[in-house]
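Asker: See entry-v4.tsv below, with TSV, C-alpha atoms and all ligand atoms.
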```
chain	number	residue	atom	x	y	z
A	217	MET	CA	-24.57	8.67	5.71
A	218	LYS	CA	-24.28	11.39	8.31
A	219	LEU	CA	-21.59	13.95	7.46
A	220	THR	CA	-20.32	16.88	9.52
A	221	ASP	CA	-20.46	20.37	8.04
A	222	GLN	CA	-16.77	20.20	7.19
A	223	GLU	CA	-17.14	16.80	5.52
A	224	ARG	CA	-20.14	18.07	3.55
A	225	ALA	CA	-18.10	21.11	2.41
A	226	MET	CA	-15.34	18.81	1.15
A	227	LEU	CA	-17.87	16.68	-0.71
A	228	ASP	CA	-19.48	19.75	-2.26
A	229	GLY	CA	-16.13	20.88	-3.67
A	230	ARG	CA	-15.66	23.92	-1.41
A	231	GLU	CA	-12.06	22.80	-0.71
A	232	GLY	CA	-11.27	22.27	-4.39
A	233	PRO	CA	-11.57	19.44	-6.91
A	234	ALA	CA	-8.78	17.24	-5.46
A	235	VAL	CA	-10.38	17.14	-2.02
A	236	GLN	CA	-13.82	16.65	-3.57
A	237	LYS	CA	-12.59	13.63	-5.54
A	238	ALA	CA	-11.05	12.14	-2.38
A	239	MET	CA	-14.19	12.72	-0.33
A	240	GLN	CA	-16.36	11.19	-3.07
A	241	MET	CA	-14.20	8.07	-2.87
A	242	VAL	CA	-14.34	7.83	0.93
A	243	VAL	CA	-18.12	8.38	0.95
A	244	ALA	CA	-18.68	5.87	-1.87
A	245	LEU	CA	-16.77	3.22	0.10
A	246	GLY	CA	-18.80	4.07	3.19
A	247	GLU	CA	-22.03	3.63	1.27
A	248	ILE	CA	-20.94	0.27	-0.15
A	249	TYR	CA	-20.18	-0.97	3.38
A	250	GLU	CA	-23.24	0.77	4.90
A	251	ALA	CA	-21.25	2.98	7.26
A	252	GLU	CA	-23.36	5.47	9.23
A	253	HIS	CA	-20.64	8.10	9.50
A	254	LEU	CA	-16.93	8.80	8.97
A	255	VAL	CA	-14.14	8.77	11.56
A	256	SER	CA	-11.01	10.92	11.69
A	257	VAL	CA	-7.82	8.98	11.10
A	258	SER	CA	-4.48	9.79	12.71
A	259	SER	CA	-2.33	8.20	10.00
A	260	VAL	CA	-2.51	6.55	6.59
A	261	GLN	CA	-0.35	3.93	4.92
A	262	VAL	CA	-0.63	4.27	1.16
A	263	ALA	CA	-0.35	1.11	-0.97
A	264	GLY	CA	-0.17	0.86	-4.75
A	265	VAL	CA	3.29	2.43	-4.83
A	266	SER	CA	4.99	-0.13	-7.07
A	267	TYR	CA	5.02	0.66	-10.78
A	268	LYS	CA	4.59	-3.10	-11.32
A	269	ASN	CA	1.10	-2.85	-9.80
A	270	LEU	CA	0.17	0.72	-10.67
A	271	GLY	CA	1.23	0.84	-14.33
A	272	ASP	CA	0.99	3.86	-16.61
A	273	ALA	CA	-2.71	4.45	-16.01
A	274	GLY	CA	-2.18	4.60	-12.24
A	275	LEU	CA	0.80	6.93	-12.61
A	276	GLN	CA	-1.21	9.27	-14.83
A	277	PHE	CA	-4.12	9.19	-12.34
A	278	LEU	CA	-1.76	10.24	-9.50
A	279	GLU	CA	-0.12	13.01	-11.52
A	280	GLU	CA	-3.50	14.45	-12.50
A	281	TRP	CA	-4.68	14.36	-8.89
A	282	LEU	CA	-1.54	16.21	-7.81
A	283	ALA	CA	-2.08	18.81	-10.56
A	284	GLN	CA	-5.58	19.40	-9.14
A	285	GLY	CA	-3.97	20.22	-5.78
A	286	ALA	CA	-4.10	16.90	-3.89
A	287	MET	CA	-2.31	17.22	-0.55
A	288	THR	CA	-2.40	15.01	2.55
A	289	ARG	CA	-3.72	16.46	5.82
A	290	VAL	CA	-2.64	13.67	8.19
A	291	PRO	CA	0.69	11.80	8.42
A	292	ALA	CA	0.89	9.40	5.49
A	293	TYR	CA	3.62	7.01	4.43
A	294	MET	CA	4.29	4.66	1.55
A	295	ASN	CA	4.15	0.90	1.26
A	296	PRO	CA	7.10	-0.72	-0.60
A	297	ALA	CA	7.91	0.42	-4.12
A	298	GLY	CA	8.94	-1.85	-6.99
A	299	MET	CA	12.68	-1.38	-6.43
A	300	ASP	CA	15.37	-0.11	-4.09
A	301	LEU	CA	15.22	3.61	-4.86
A	302	ASP	CA	19.04	3.88	-4.83
A	303	ARG	CA	20.37	0.45	-5.80
A	304	TRP	CA	17.86	-0.57	-8.45
A	305	GLU	CA	20.54	-1.30	-11.02
A	306	GLU	CA	22.12	-3.93	-8.73
A	307	MET	CA	18.70	-5.62	-8.59
A	308	GLY	CA	18.62	-5.92	-12.39
A	309	ILE	CA	15.76	-3.40	-12.78
A	310	THR	CA	15.50	-1.70	-16.19
A	311	SER	CA	15.95	2.06	-16.46
A	312	GLU	CA	12.46	2.40	-17.96
A	313	PHE	CA	10.89	0.74	-14.91
A	314	ALA	CA	13.10	2.82	-12.59
A	315	GLU	CA	12.16	6.09	-14.25
A	316	ASN	CA	8.44	5.40	-13.89
A	317	GLN	CA	8.87	4.13	-10.33
A	318	LEU	CA	10.69	7.32	-9.32
A	319	ARG	CA	7.92	9.42	-10.91
A	320	ILE	CA	5.34	7.64	-8.74
A	321	VAL	CA	7.36	8.16	-5.57
A	322	ASN	CA	8.05	11.81	-6.41
A	323	THR	CA	4.35	12.44	-7.12
A	324	LEU	CA	3.35	10.96	-3.77
A	325	VAL	CA	6.09	12.93	-1.98
A	326	ALA	CA	4.78	16.12	-3.60
A	327	MET	CA	1.36	15.26	-2.11
A	328	GLY	CA	2.97	15.01	1.34
A	329	VAL	CA	3.34	11.22	1.61
A	330	GLU	CA	6.55	10.20	3.39
A	331	SER	CA	8.72	7.89	1.27
A	332	THR	CA	9.10	5.23	3.97
A	333	CYS	CA	8.44	2.51	1.34
A	334	THR	CA	7.88	-0.17	3.96
A	335	CYS	CA	5.20	-2.58	5.12
A	336	THR	CA	6.50	-2.16	8.69
A	337	PRO	CA	5.82	1.51	9.45
A	338	TYR	CA	5.54	0.50	13.11
A	339	LEU	CA	9.30	-0.31	13.08
A	340	VAL	CA	10.25	3.12	11.79
A	341	GLY	CA	8.53	5.33	14.33
A	342	HIS	CA	4.90	5.25	13.22
A	343	VAL	CA	3.21	3.45	16.10
A	344	PRO	CA	-0.51	4.09	16.58
A	345	GLN	CA	-1.98	3.73	20.07
A	346	VAL	CA	-4.68	1.32	21.27
A	347	GLY	CA	-8.10	2.38	19.94
A	348	GLU	CA	-6.69	4.92	17.46
A	349	HIS	CA	-8.43	4.97	14.05
A	350	ILE	CA	-6.01	4.74	11.13
A	351	ALA	CA	-6.28	3.85	7.43
A	352	TRP	CA	-3.51	1.43	6.53
A	353	SER	CA	-3.41	-0.71	3.46
A	354	GLU	CA	-0.75	-3.44	3.37
A	355	SER	CA	-2.26	-6.62	4.78
A	356	SER	CA	0.53	-7.57	7.22
A	357	ALA	CA	0.77	-4.00	8.52
A	358	VAL	CA	-3.02	-3.90	8.93
A	359	SER	CA	-2.89	-7.16	10.86
A	360	TYR	CA	-0.07	-5.96	13.12
A	361	ALA	CA	-1.72	-2.59	13.77
A	362	ASN	CA	-5.09	-4.13	14.66
A	363	SER	CA	-3.83	-7.14	16.57
A	364	VAL	CA	-0.56	-6.26	18.28
A	365	LEU	CA	-1.00	-2.49	18.64
A	366	GLY	CA	-4.80	-2.47	19.16
A	367	ALA	CA	-5.33	0.32	16.62
A	368	ARG	CA	-8.35	0.18	14.29
A	369	THR	CA	-8.11	-0.14	10.54
A	370	ASN	CA	-9.66	-1.98	7.64
A	371	ARG	CA	-7.45	-3.07	4.79
A	372	GLU	CA	-7.63	-0.03	2.56
A	373	GLY	CA	-7.08	-0.16	-1.19
A	374	GLY	CA	-4.54	2.23	-2.78
A	375	PRO	CA	-6.87	5.04	-3.98
A	376	GLY	CA	-9.07	4.69	-0.87
A	377	ALA	CA	-6.09	5.11	1.46
A	378	LEU	CA	-4.74	8.11	-0.44
A	379	SER	CA	-8.23	9.65	-0.34
A	380	SER	CA	-8.28	9.15	3.43
A	381	ALA	CA	-4.93	10.91	3.70
A	382	ILE	CA	-6.29	13.85	1.68
A	383	VAL	CA	-9.50	14.28	3.72
A	384	GLY	CA	-8.26	12.85	7.06
A	385	ARG	CA	-11.27	10.52	7.33
A	386	THR	CA	-12.35	6.99	6.62
A	387	ALA	CA	-15.75	5.33	6.74
A	388	ALA	CA	-16.73	3.79	10.10
A	389	TYR	CA	-17.35	0.16	9.23
A	390	GLY	CA	-15.62	-3.20	9.66
A	391	LEU	CA	-12.78	-3.21	12.18
A	392	HIS	CA	-13.37	0.40	13.20
A	393	LEU	CA	-16.43	-0.90	15.10
A	394	SER	CA	-16.04	-2.81	18.38
A	395	GLU	CA	-18.64	-5.43	17.48
A	396	ASN	CA	-16.53	-6.63	14.54
A	397	ARG	CA	-13.41	-7.14	16.66
A	398	ARG	CA	-14.80	-10.10	18.57
A	399	PRO	CA	-13.15	-13.48	17.95
A	400	THR	CA	-14.89	-15.88	15.57
A	401	HIS	CA	-12.74	-19.00	16.15
A	402	VAL	CA	-10.64	-20.41	18.99
A	403	ILE	CA	-7.30	-21.91	17.96
A	404	ASP	CA	-5.91	-24.33	20.55
A	405	VAL	CA	-2.21	-24.81	19.85
A	406	SER	CA	-0.61	-27.84	21.46
A	407	CYS	CA	2.54	-28.17	19.35
A	408	PRO	CA	5.68	-26.22	20.25
A	409	LEU	CA	6.19	-22.92	18.46
A	410	ARG	CA	9.98	-22.84	18.22
A	411	HIS	CA	10.67	-19.86	15.96
A	412	SER	CA	9.06	-17.37	13.56
A	413	ALA	CA	8.78	-19.97	10.80
A	414	ASP	CA	6.57	-22.11	13.05
A	415	TYR	CA	4.32	-19.09	13.64
A	416	ALA	CA	4.23	-18.50	9.89
A	417	ALA	CA	3.32	-22.15	9.19
A	418	LEU	CA	0.62	-21.93	11.87
A	419	GLY	CA	-0.68	-18.72	10.32
A	420	TYR	CA	-0.79	-20.29	6.88
A	421	VAL	CA	-3.01	-23.16	8.09
A	422	VAL	CA	-5.24	-20.97	10.25
A	423	GLY	CA	-5.72	-18.40	7.47
A	424	VAL	CA	-6.94	-21.12	5.11
A	425	ALA	CA	-9.36	-22.37	7.79
A	426	VAL	CA	-10.86	-19.11	9.12
A	427	LYS	CA	-10.69	-17.02	5.91
A	428	ASP	CA	-11.66	-13.47	7.00
A	429	GLY	CA	-12.49	-14.46	10.59
A	430	VAL	CA	-10.91	-13.25	13.82
A	431	PRO	CA	-8.95	-16.12	15.41
A	432	PHE	CA	-8.23	-16.23	19.14
A	433	PHE	CA	-5.04	-18.21	19.87
A	434	ARG	CA	-4.45	-20.18	23.04
A	435	THR	CA	-1.33	-22.22	23.52
A	436	ARG	CA	-1.07	-25.21	25.82
A	437	VAL	CA	2.72	-25.35	25.64
A	438	ALA	CA	4.11	-23.70	28.77
A	439	GLY	CA	6.58	-20.89	28.30
A	440	THR	CA	5.55	-20.08	24.71
A	441	ARG	CA	5.97	-16.36	24.22
A	442	PRO	CA	6.11	-14.96	20.70
A	443	THR	CA	8.75	-12.45	19.67
A	444	GLN	CA	7.85	-9.38	17.62
A	445	GLU	CA	9.15	-11.19	14.52
A	446	SER	CA	6.89	-14.19	15.30
A	447	LEU	CA	3.78	-12.02	15.57
A	448	MET	CA	4.69	-10.30	12.31
A	449	ALA	CA	5.11	-13.68	10.60
A	450	LEU	CA	1.86	-15.07	12.03
A	451	GLY	CA	-0.21	-12.09	10.91
A	452	ALA	CA	1.39	-11.86	7.47
A	453	ALA	CA	0.73	-15.54	6.80
A	454	MET	CA	-2.93	-15.40	7.85
A	455	ALA	CA	-3.50	-12.28	5.77
A	456	ALA	CA	-2.07	-14.08	2.73
A	457	SER	CA	-3.59	-17.56	2.94
A	458	GLY	CA	-6.87	-16.14	4.28
A	459	ALA	CA	-7.97	-12.55	4.72
A	460	VAL	CA	-7.37	-12.25	8.45
A	461	ALA	CA	-6.94	-8.60	9.44
A	462	LEU	CA	-7.21	-9.06	13.23
A	463	TYR	CA	-6.23	-11.82	15.64
A	464	HIS	CA	-5.91	-12.14	19.39
A	465	VAL	CA	-3.33	-14.09	21.38
A	466	GLU	CA	-4.17	-14.96	24.97
A	467	GLY	CA	-1.97	-13.06	27.40
A	468	ILE	CA	-0.17	-11.19	24.62
A	469	THR	CA	-2.27	-8.91	22.42
A	470	PRO	CA	-4.04	-5.89	23.97
A	471	GLU	CA	-7.67	-6.84	23.34
A	472	ALA	CA	-7.42	-10.57	24.15
A	473	SER	CA	-8.43	-10.15	27.80
A	474	THR	CA	-11.66	-8.41	26.71
A	475	TYR	CA	-12.83	-11.62	25.03
A	476	ALA	CA	-11.15	-14.35	27.10
A	477	ASP	CA	-14.40	-15.25	28.91
A	478	GLN	CA	-16.64	-15.01	25.79
A	479	LEU	CA	-15.25	-17.93	23.82
A	480	GLY	CA	-17.79	-20.58	24.89
A	481	ASN	CA	-19.72	-21.23	21.68
A	482	LEU	CA	-17.10	-20.44	19.10
A	483	PRO	CA	-15.85	-23.05	16.62
A	484	ARG	CA	-12.55	-24.58	17.73
A	485	ILE	CA	-9.53	-25.62	15.71
A	486	ALA	CA	-6.94	-27.87	17.34
A	487	MET	CA	-3.39	-27.34	16.06
A	488	ARG	CA	-1.27	-30.33	17.08
A	489	ASP	CA	1.10	-30.38	14.16
A	490	LEU	CA	2.45	-27.78	11.71
A	491	SER	CA	3.48	-30.16	8.93
A	492	GLU	CA	0.45	-29.22	6.80
A	493	GLY	CA	1.74	-25.64	6.61
A	494	TYR	CA	5.32	-26.65	5.83
A	495	GLN	CA	4.27	-29.21	3.22
A	496	ALA	CA	1.96	-26.80	1.39
A	497	LEU	CA	4.77	-24.27	1.00
A	498	ASN	CA	7.58	-26.57	-0.15
A	499	VAL	CA	8.26	-28.21	-3.51
A	500	GLU	CA	10.30	-31.39	-4.14
A	501	GLU	CA	13.05	-29.68	-6.16
A	502	SER	CA	16.15	-29.20	-3.98
A	503	VAL	CA	18.29	-26.78	-6.02
A	504	VAL	CA	17.71	-23.16	-5.01
A	505	ASP	CA	18.85	-20.19	-7.12
A	506	PHE	CA	17.20	-17.35	-5.19
A	507	VAL	CA	16.83	-16.68	-1.47
A	508	SER	CA	14.61	-13.90	-0.20
A	509	VAL	CA	14.07	-13.03	3.46
A	510	GLY	CA	12.41	-9.96	4.91
A	511	CYS	CA	8.67	-10.37	4.32
A	512	PRO	CA	7.40	-8.45	6.26
A	513	HIS	CA	10.46	-6.20	6.09
A	514	SER	CA	13.34	-7.39	8.28
A	515	THR	CA	13.71	-6.05	11.81
A	516	LEU	CA	17.11	-5.00	13.15
A	517	THR	CA	17.24	-8.30	15.07
A	518	ASP	CA	16.73	-10.19	11.78
A	519	LEU	CA	19.51	-8.21	10.10
A	520	GLN	CA	21.88	-8.90	12.98
A	521	ARG	CA	21.06	-12.62	12.80
A	522	VAL	CA	21.62	-12.75	9.04
A	523	ALA	CA	25.00	-11.06	9.53
A	524	GLU	CA	25.94	-13.70	12.12
A	525	LEU	CA	24.82	-16.55	9.88
A	526	LEU	CA	26.76	-15.28	6.87
A	527	ASP	CA	29.97	-14.29	8.66
A	528	GLY	CA	32.95	-15.80	6.83
A	529	LYS	CA	30.75	-17.46	4.18
A	530	ARG	CA	29.95	-16.82	0.53
A	531	VAL	CA	26.48	-17.20	-1.01
A	532	LYS	CA	25.94	-19.34	-4.09
A	533	ALA	CA	22.30	-18.36	-4.74
A	534	THR	CA	21.26	-14.77	-5.38
A	535	THR	CA	20.24	-13.59	-1.90
A	536	TRP	CA	18.05	-10.61	-1.07
A	537	ILE	CA	17.43	-9.36	2.46
A	538	THR	CA	14.62	-6.81	2.23
A	539	THR	CA	14.03	-4.12	4.83
A	540	SER	CA	12.97	-0.52	5.26
A	541	ARG	CA	15.29	2.35	4.34
A	542	HIS	CA	15.33	3.42	8.00
A	543	LEU	CA	16.61	0.05	9.27
A	544	TYR	CA	18.94	-0.29	6.28
A	545	ASP	CA	20.66	2.88	7.49
A	546	ARG	CA	20.74	1.60	11.09
A	547	ALA	CA	22.17	-1.73	9.95
A	548	ASN	CA	24.78	0.17	7.98
A	549	GLU	CA	25.82	2.14	11.08
A	550	LEU	CA	26.03	-1.05	13.12
A	551	GLY	CA	28.15	-2.86	10.51
A	552	TYR	CA	25.55	-5.59	9.74
A	553	MET	CA	25.26	-4.47	6.13
A	554	GLN	CA	28.96	-4.78	5.46
A	555	ARG	CA	29.06	-8.28	7.00
A	556	ILE	CA	26.06	-9.44	4.95
A	557	GLU	CA	27.31	-7.96	1.70
A	558	ARG	CA	30.83	-9.33	2.21
A	559	ALA	CA	29.19	-12.74	1.83
A	560	GLY	CA	27.71	-11.66	-1.51
A	561	ALA	CA	24.11	-11.19	-0.33
A	562	LEU	CA	22.29	-7.96	-1.14
A	563	VAL	CA	20.44	-5.91	1.47
A	564	ILE	CA	17.63	-4.17	-0.37
A	565	ALA	CA	15.53	-1.31	0.95
A	566	ASP	CA	12.19	0.16	-0.20
A	567	THR	CA	10.86	-2.99	-1.92
A	568	CYS	CA	10.25	-6.73	-1.67
A	569	LEU	CA	10.00	-9.72	-3.95
A	570	VAL	CA	6.22	-9.48	-4.32
A	571	VAL	CA	6.07	-5.88	-5.54
A	572	ALA	CA	9.38	-5.89	-7.48
A	573	PRO	CA	9.34	-7.31	-11.04
A	574	VAL	CA	11.10	-10.53	-9.92
A	575	GLU	CA	9.47	-12.57	-12.67
A	576	THR	CA	11.67	-10.74	-15.20
A	577	LEU	CA	14.96	-11.62	-13.45
A	578	GLY	CA	15.25	-15.28	-14.45
A	579	PHE	CA	15.09	-17.03	-11.05
A	580	ARG	CA	13.48	-20.46	-10.81
A	581	VAL	CA	13.38	-21.79	-7.23
A	582	MET	CA	13.24	-19.53	-4.19
A	583	ALA	CA	13.86	-20.20	-0.50
A	584	THR	CA	12.19	-17.93	2.03
A	585	ASN	CA	11.39	-17.79	5.74
A	586	SER	CA	8.08	-16.06	5.02
A	587	ALA	CA	4.87	-18.02	4.52
A	588	LYS	CA	3.43	-14.94	2.84
A	589	ALA	CA	6.31	-14.70	0.34
A	590	ALA	CA	6.07	-18.45	-0.31
A	591	PHE	CA	2.30	-18.17	-0.80
A	592	TYR	CA	2.67	-15.45	-3.45
A	593	ALA	CA	5.81	-16.87	-5.08
A	594	SER	CA	4.17	-18.80	-7.88
A	595	GLY	CA	1.39	-16.33	-8.73
A	596	HIS	CA	3.19	-12.98	-8.39
A	597	SER	CA	6.77	-13.97	-9.11
A	598	ARG	CA	6.40	-17.23	-11.11
A	599	LEU	CA	8.80	-19.09	-8.80
A	600	GLN	CA	8.82	-22.50	-7.18
A	601	ARG	CA	9.34	-22.16	-3.46
A	602	HIS	CA	10.85	-23.55	-0.27
A	603	PHE	CA	9.81	-22.29	3.14
A	604	GLY	CA	11.67	-22.74	6.44
A	605	THR	CA	13.62	-20.91	9.13
A	606	LEU	CA	15.99	-17.98	8.64
A	607	GLU	CA	18.88	-20.35	9.45
A	608	GLU	CA	17.73	-22.85	6.79
A	609	CYS	CA	17.36	-20.08	4.22
A	610	MET	CA	20.89	-18.82	4.85
A	611	GLU	CA	22.20	-22.38	4.58
A	612	ALA	CA	20.43	-22.70	1.23
A	613	ALA	CA	21.91	-19.36	0.17
A	614	VAL	CA	25.43	-20.67	0.83
A	615	THR	CA	25.02	-24.18	-0.59
A	616	GLY	CA	22.41	-23.56	-3.30
A	617	ILE	CA	20.57	-26.62	-1.95
A	618	TRP	CA	17.44	-26.84	0.22
A	619	ALA	CA	18.15	-29.35	2.98
A	620	ALA	CA	15.75	-28.07	5.63
A	621	HIS	CA	13.96	-30.04	8.33
A	622	SER	CA	11.90	-27.39	10.10
A	623	GLY	CA	8.63	-29.03	9.10
A	624	GLU	CA	9.19	-31.92	11.47
A	625	CYS	CA	7.39	-30.33	14.40
A	626	ARG	CA	4.68	-32.10	16.34
A	627	GLY	CA	3.12	-31.62	19.74
B	701	LIG	FE1	5.85	-6.59	3.03
B	701	LIG	FE2	6.21	-7.24	0.54
B	701	LIG	FE3	5.91	-9.09	2.33
B	701	LIG	S1	4.95	-5.62	1.26
B	701	LIG	S2	4.64	-8.22	3.91
B	701	LIG	S3	7.60	-7.64	2.23
B	701	LIG	S4	4.95	-9.07	0.34
```
Show the structure stored in the file as structure tokens.
Answerer:
Amino acid sequence: MKLTDQERAMLDGREGPAVQKAMQMVVALGEIYEAEHLVSVSSVQVAGVSYKNLGDAGLQFLEEWLAQGAMTRVPAYMNPAGMDLDRWEEMGITSEFAENQLRIVNTLVAMGVESTCTCTPYLVGHVPQVGEHIAWSESSAVSYANSVLGARTNREGGPGALSSAIVGRTAAYGLHLSENRRPTHVIDVSCPLRHSADYAALGYVVGVAVKDGVPFFRTRVAGTRPTQESLMALGAAMAASGAVALYHVEGITPEASTYADQLGNLPRIAMRDLSEGYQALNVEESVVDFVSVGCPHSTLTDLQRVAELLDGKRVKATTWITTSRHLYDRANELGYMQRIERAGALVIADTCLVVAPVETLGFRVMATNSAKAAFYASGHSRLQRHFGTLEECMEAAVTGIWAAHSGECRG
């Protein structure tokens, strides 16, 4: 691999052992993927923040790296942690878990990583430009950055991303290269896409079908225009059920027009009906004891809508609305938080049900509006699941019963 003089100096240890270790990791990844050179990155999103995933060995690894002098040289921010950093007791988190979680966050902060603790850094002021190289790690954030923002990133692992933050580089392979951003499949959608849950159900089915491909969506239903929340839900679902890190939507995403006339020989998938997605993510059981929305982390619009839906009501099921700390504070200023919590639901920042130790909290059946959360519910959180719209989830929160009908959508 071709390295610049500065990159070679880092690799040779002339900037100290912490930088050398980071550069060794970045170069090793480049060699595995046969990259010819490195590229400078303008920002890094660091995953592997939750103590649930990192464990004691990971915590020790981070603390040793910090002791060697590890320090970021480009803006870097954290993916969700395993708990709300302030309200962890209300979540039922043990003090032992909390203590270790706070050590991880403090170690990363000491390295210069901002404690955003969110999978939606693009909602809290970190918005890369079209064509910018970045090294992000959470799969829905990677999908959004590549697809909706037109930035360039592979899905980085935890140590790889932190290494990139320390040396300011990543290896030039995969989605950093234009040739790998071309569509591999055309998805012709002829059923109505009514809300974010429909986009999530669509994403679930397409992710299973195209795996790590690059789908190009065309819709035949006039007037269909996805909201930001819909694009977030679509990308998160495809990244979970498949390994889609980039998609294009005709007339919407920034690179779609580049490929619109090059679709001739690509395999086509006709989507006339979303019931396959809804059915795969719903169980028969109708009693719900846990409702979780905010995967990816809730937008301010989501939080406002939840407040409206819960006004004057009282939840029966434990209800978590997960979001970033930044939007939690905004929602607090705007009074959404108070309205939601008056109904007995909990707005939780810094974490989500997949990275928090939910399996230890005794829930059995969850309702969610996220195909990604539903997909991971049984494996990561040992829960049965229901998947539907935000409105259906809030109804289930209040009644404790899943009575949704969103799956009945055909073109
Ligand atoms: Fe974000 Fe957690 Fe979902 S990291 S995309 S809220 S699984």
Asker: Taking only C-alpha atoms and all ligand atoms into account, which of A:Thr605, A:Ser473, A:Gln261, A:Thr310 comes nearest ligand LIG 701 (chain B)?
Answerer: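 Of all the options, A:Gln261 lies closest to ligand LIG 701 (chain B).
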Asker: May I ask you to write as a ChimeraX atom specification all residues lying at most 9 Å from ligand LIG 701 (chain B), with all atoms listed in the file counted?
Answerer: /A:263,295-297,333-336,354-357,448-449,452-453,456,509-514,538-539,567-572,586,588-589,592
Asker: Taking into account all atoms listed in the file, which residue in the set A:Leu577, A:Ile556, A:Val290, A:Val343 is nearest to Ala381 of chain A?
Answerer: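 The answer is A:Val290, which sits nearest to Ala381 of chain A.
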Asker: Could you name the residues that touch Leu245 of chain A at 8 Å or less, counting all atoms listed in the file, but leaving out those on the same chain fewer than 3 positions away, as a list in words?
Answerer: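 Once the adjacent positions are removed, what remains is Met241, Val242, Ile248, Tyr249, Gly376 and Ala387 of chain A.
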Asker: From the list A:Leu270, A:Cys407, A:Val257, A:Ala351, which residue is nearest Val321 of chain A when using all atoms listed in the file?
Answerer: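 Ranking A:Leu270, A:Cys407, A:Val257, A:Ala351 by distance to Val321 of chain A, first place goes to A:Leu270.
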Asker: For each of A:Thr517, A:His542, A:Ile537, A:Val507, take the minimum atom-to-atom distance to Leu599 of chain A, counting only C-alpha atoms, then give the residue where this is smallest.
Answerer: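 That would be A:Val507, the residue with the smallest distance to Leu599 of chain A.
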Asker: When distances are computed from all atoms listed in the file, which of A:Met294, A:Ile485, A:Leu543, A:Leu450 shows the smallest separation from Asp518 of chain A?
Answerer: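 Among A:Met294, A:Ile485, A:Leu543, A:Leu450, it is A:Leu543 that comes nearest to Asp518 of chain A.
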Asker: Taking 5 positions as the minimum chain separation for residues in the same chain, which residues sit within 6 Å of Thr369 of chain A when counting only C-alpha atoms? Answer as a VMD selection string.
Answerer: chain A and resid 350 to 351 391 to 392
Asker: Compare A:Leu490, A:Ile468, A:Leu324, A:Ala565 by their minimum atom-to-atom distance to Arg410 of chain A, counting only C-alpha atoms, and give me the closest one.
Answerer: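 So, comparing all the options, the nearest one is A:Leu490.
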Asker: Hey, what's within 8 Å of Lys237 of chain A if we count all atoms listed in the file and toss same-chain stuff fewer than 4 positions away? As a list in words, please?
Answerer: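 After dropping sequence-adjacent residues, the list is Leu227, Pro233, Met241 and Ser379 of chain A.
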Asker: Determine, counting only C-alpha atoms, which protein, DNA and RNA residues have an atom within 12 Å of an atom of Phe313 of chain A; residues of the same chain fewer than 3 positions away are not included. Present the result as a PyMOL selection string.
Answerer: chain A and resi 266-272+297-301+304-305+307-310+316-320+572-573+576
Asker: Please save C-alpha atoms of the selected residues as a PDB file, in the coordinates of the input.
Answerer:
```
ATOM      1  CA  SER A 266       4.990  -0.130  -7.070  1.00  0.00           C
ATOM      2  CA  TYR A 267       5.020   0.660 -10.780  1.00  0.00           C
ATOM      3  CA  LYS A 268       4.590  -3.100 -11.320  1.00  0.00           C
ATOM      4  CA  ASN A 269       1.100  -2.850  -9.800  1.00  0.00           C
ATOM      5  CA  LEU A 270       0.170   0.720 -10.670  1.00  0.00           C
ATOM      6  CA  GLY A 271       1.230   0.840 -14.330  1.00  0.00           C
ATOM      7  CA  ASP A 272       0.990   3.860 -16.610  1.00  0.00           C
ATOM      8  CA  ALA A 297       7.910   0.420  -4.120  1.00  0.00           C
ATOM      9  CA  GLY A 298       8.940  -1.850  -6.990  1.00  0.00           C
ATOM     10  CA  MET A 299      12.680  -1.380  -6.430  1.00  0.00           C
ATOM     11  CA  ASP A 300      15.370  -0.110  -4.090  1.00  0.00           C
ATOM     12  CA  LEU A 301      15.220   3.610  -4.860  1.00  0.00           C
ATOM     13  CA  TRP A 304      17.860  -0.570  -8.450  1.00  0.00           C
ATOM     14  CA  GLU A 305      20.540  -1.300 -11.020  1.00  0.00           C
ATOM     15  CA  MET A 307      18.700  -5.620  -8.590  1.00  0.00           C
ATOM     16  CA  GLY A 308      18.620  -5.920 -12.390  1.00  0.00           C
ATOM     17  CA  ILE A 309      15.760  -3.400 -12.780  1.00  0.00           C
ATOM     18  CA  THR A 310      15.500  -1.700 -16.190  1.00  0.00           C
ATOM     19  CA  ASN A 316       8.440   5.400 -13.890  1.00  0.00           C
ATOM     20  CA  GLN A 317       8.870   4.130 -10.330  1.00  0.00           C
ATOM     21  CA  LEU A 318      10.690   7.320  -9.320  1.00  0.00           C
ATOM     22  CA  ARG A 319       7.920   9.420 -10.910  1.00  0.00           C
ATOM     23  CA  ILE A 320       5.340   7.640  -8.740  1.00  0.00           C
ATOM     24  CA  ALA A 572       9.380  -5.890  -7.480  1.00  0.00           C
ATOM     25  CA  PRO A 573       9.340  -7.310 -11.040  1.00  0.00           C
ATOM     26  CA  THR A 576      11.670 -10.740 -15.200  1.00  0.00           C
TER      27      THR A 576
END
```
Asker: Would you kindly identify which residues have an atom no farther than 8 Å from (-10.1, 19.5, -2.0), using all atoms listed in the file and the file's own coordinates, and write them out as a ChimeraX atom specification?
Answerer: /A:226,229-238,285-286,382-383
Asker: Report the distance between atom CA of Tyr544 of chain A and atom CA of Gln444 of chain A in Å, rounded to one decimal place.
Answerer: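 Spanning atom CA of Tyr544 of chain A to atom CA of Gln444 of chain A is a straight-line distance of 18.3 Å.
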Asker: One decimal, in Å: what's the spacing between atom CA of Arg224 of chain A and atom CA of Val260 of chain A?
Answerer: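 If I compute the distance from atom CA of Arg224 of chain A to atom CA of Val260 of chain A, I get 21.3 Å.
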Asker: Keeping C-alpha atoms (and nothing else), can you write segment 327-331 of chain A of this structure as a compact mmCIF listing (two decimals), in the first residue's frame?
Answerer:
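Written file, part-v2.txt:
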```txt
# COMPACT_ATOMS: atom_id res chain seq x y z
CA MET A 327 -9.23 10.77 24.00
CA GLY A 328 -11.22 13.64 22.49
CA VAL A 329 -14.36 11.74 21.40
CA GLU A 330 -17.53 13.81 21.87
CA SER A 331 -20.10 12.05 24.07
```
